[in-house]
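Each remark here refers to the structure printed beneath this line.
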Amino acid sequence: MNDQSINRPVPRPTAWSKPYWDAAREKRLIIQHCNKCSTKIMNPKQYCPNCLSDDLGWSESAGRGTVYSYSIQKRSAASPFVDKVPYVVAVVRLDDGVQLLTNIIGERALSVQCGDTVRVAFEPIAGTDITLPVFELVH
């Protein structure tokens with residue numbers, strides 16, 4: 001473990017996002033949904049953004065989707081991410097109907113294109129109990 005990963009910002013689970021982070025640690029991707037109006041929600045929230053209900057639940061995701069947008073970070077000012085350069089930040093649209101900001105990882109990550117098919121992978125953050133859902137290009 002290098003000193004950069006120790007100072008890396010990490011998500012802080014809340015009462016309503018804890019199930020999401022617990023599932024990620026188990027290498028499962030789950031999506032929040034509203035039990036009242038059926039809206040699918042990403043990122044986890046306390047209330048439905050559509051009807052404001054607090055009657056929310058979770059469903060398993062197959063973890064497949066497409067790249068909607070991306071940026072390849074080729075340089076970095078001094079930051080906890082300097083050891084990750086180059087890296088890909090992307091908006092992935094899941095087949096489940098939600099999208100999320102994430103990273104594309106793997107040996108082909110730098111060849112990413114909009115519309116590429118991706119599948120979820122999981123990346124533990126060293127020195128923490130947080131595991132991030134990230135994505136890999138499907139061959």
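Note on naming: chains are A, B, ... as they come in the structure tokens, residues start from 1 per chain, ligands start from 1 in the order shown.
Within the 10 Å cut-off around A:Val10, using only C-alpha atoms and omitting residues fewer than 5 positions from it on the same chain, the listed residues are Ser5, Ile125, Thr128, Asp129, Ile130, Thr131 and Leu132 of chain A.
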Keeping only C-alpha atoms, write the selected residues as a tab-separated table (two decimals), in the first residue's frame.
```
chain	number	residue	atom	x	y	z
A	5	SER	CA	-4.09	5.34	-1.31
A	125	ILE	CA	-10.01	0.65	-1.56
A	128	THR	CA	-10.83	0.74	4.16
A	129	ASP	CA	-13.91	-1.48	4.17
A	130	ILE	CA	-15.23	0.22	0.99
A	131	THR	CA	-15.38	-1.59	-2.35
A	132	LEU	CA	-16.16	0.47	-5.46
```
Discussion item. Show me, as a ChimeraX atom specification, the residues that have an atom within 12 Å of stretch 70-75 of chain A when counting only C-alpha atoms, minus same-chain residues fewer than 4 positions from it.
Written reply: /A:66,79,81-93,100-105,109-116
Discussion item. Neighbouring residues of A:Asp55 were defined as those with any atom within 12 Å, considering only C-alpha atoms; residues of the same chain fewer than 4 positions away were excluded. Please report them as a PyMOL selection string.
Written reply: chain A and resi 16+32-39+45-49+51
Item to complete: Would you list, as a PyMOL selection string, the residues of chain A that end up in helix (DSSP H, G or I) under DSSP run on this structure's backbone?
Response: chain A and resi 3-6+18-25+82-84+109-111
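Summary of the local environment: counting only C-alpha atoms, residues at most 7 Å from A:Val98, other than itself and those fewer than 6 positions away along its chain, are Lys40, Ile41 and Met42 of chain A.
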Discussion item. Just list as a PyMOL selection string whatever in stretch 22-128 of chain A DSSP marks as strand (DSSP E or B).
Written reply: chain A and resi 30-34+40-41+56-60+64-73+87-94+99-105+117-124
Residues as selected, C-alpha atoms, written as a PDB file, in the first residue's frame, can you do that?
```
ATOM      1  CA  ILE A  30     -27.812  -3.429  -6.358  1.00  0.00           C
ATOM      2  CA  ILE A  31     -30.084  -0.616  -7.462  1.00  0.00           C
ATOM      3  CA  GLN A  32     -32.469   1.297  -5.257  1.00  0.00           C
ATOM      4  CA  HIS A  33     -36.086   1.594  -6.358  1.00  0.00           C
ATOM      5  CA  CYS A  34     -39.242   3.240  -5.103  1.00  0.00           C
ATOM      6  CA  LYS A  40     -35.186   3.258 -10.243  1.00  0.00           C
ATOM      7  CA  ILE A  41     -32.676   5.331  -8.306  1.00  0.00           C
ATOM      8  CA  LEU A  56     -37.601   2.379  -0.995  1.00  0.00           C
ATOM      9  CA  GLY A  57     -36.196  -1.061  -1.743  1.00  0.00           C
ATOM     10  CA  TRP A  58     -33.333  -2.762  -3.563  1.00  0.00           C
ATOM     11  CA  SER A  59     -32.995  -5.062  -6.556  1.00  0.00           C
ATOM     12  CA  GLU A  60     -30.053  -7.008  -7.964  1.00  0.00           C
ATOM     13  CA  ARG A  64     -24.137  -4.719 -17.640  1.00  0.00           C
ATOM     14  CA  GLY A  65     -24.440  -1.502 -19.565  1.00  0.00           C
ATOM     15  CA  THR A  66     -22.912   0.843 -22.110  1.00  0.00           C
ATOM     16  CA  VAL A  67     -20.509   3.754 -21.911  1.00  0.00           C
ATOM     17  CA  TYR A  68     -22.457   6.992 -22.360  1.00  0.00           C
ATOM     18  CA  SER A  69     -19.526   9.377 -21.899  1.00  0.00           C
ATOM     19  CA  TYR A  70     -15.934   9.192 -20.704  1.00  0.00           C
ATOM     20  CA  SER A  71     -12.772  11.149 -20.008  1.00  0.00           C
ATOM     21  CA  ILE A  72      -9.238   9.783 -19.922  1.00  0.00           C
ATOM     22  CA  GLN A  73      -7.182  11.463 -17.219  1.00  0.00           C
ATOM     23  CA  TYR A  87      -7.315   6.388 -15.729  1.00  0.00           C
ATOM     24  CA  VAL A  88     -10.792   6.528 -17.222  1.00  0.00           C
ATOM     25  CA  VAL A  89     -13.784   8.243 -15.639  1.00  0.00           C
ATOM     26  CA  ALA A  90     -17.058   7.324 -17.338  1.00  0.00           C
ATOM     27  CA  VAL A  91     -20.797   7.638 -17.179  1.00  0.00           C
ATOM     28  CA  VAL A  92     -22.206   4.136 -17.621  1.00  0.00           C
ATOM     29  CA  ARG A  93     -25.850   3.539 -18.497  1.00  0.00           C
ATOM     30  CA  LEU A  94     -26.874   0.245 -16.976  1.00  0.00           C
ATOM     31  CA  GLN A  99     -26.615   5.578 -14.965  1.00  0.00           C
ATOM     32  CA  LEU A 100     -23.646   6.150 -12.704  1.00  0.00           C
ATOM     33  CA  LEU A 101     -20.284   7.867 -12.649  1.00  0.00           C
ATOM     34  CA  THR A 102     -17.546   5.262 -12.365  1.00  0.00           C
ATOM     35  CA  ASN A 103     -14.151   4.146 -13.623  1.00  0.00           C
ATOM     36  CA  ILE A 104     -13.361   1.865 -16.535  1.00  0.00           C
ATOM     37  CA  ILE A 105     -10.565  -0.518 -15.575  1.00  0.00           C
ATOM     38  CA  THR A 117     -20.490  -2.611 -23.656  1.00  0.00           C
ATOM     39  CA  VAL A 118     -19.236  -2.937 -20.092  1.00  0.00           C
ATOM     40  CA  ARG A 119     -19.748  -5.205 -17.087  1.00  0.00           C
ATOM     41  CA  VAL A 120     -19.320  -4.492 -13.406  1.00  0.00           C
ATOM     42  CA  ALA A 121     -16.170  -5.389 -11.495  1.00  0.00           C
ATOM     43  CA  PHE A 122     -15.267  -4.474  -7.940  1.00  0.00           C
ATOM     44  CA  GLU A 123     -12.250  -2.617  -6.620  1.00  0.00           C
ATOM     45  CA  PRO A 124     -11.579  -2.562  -2.869  1.00  0.00           C
TER      46      PRO A 124
END
```
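The space between atom CA of A:Ser61 and atom CA of A:Pro11 spans 20.5 Å.
Of the residues listed (A:Pro44, A:Gly97, A:Pro19, A:Gly106), A:Gly106 shows the shortest atom-to-atom separation from A:Val134; distances use only C-alpha atoms.
You will find atom CA of A:Val138 at 28.0 Å from atom CA of A:Ser17.
If you look at atom CA of A:Gly127 and atom CA of A:Asn7, they are 9.8 Å away from each other.
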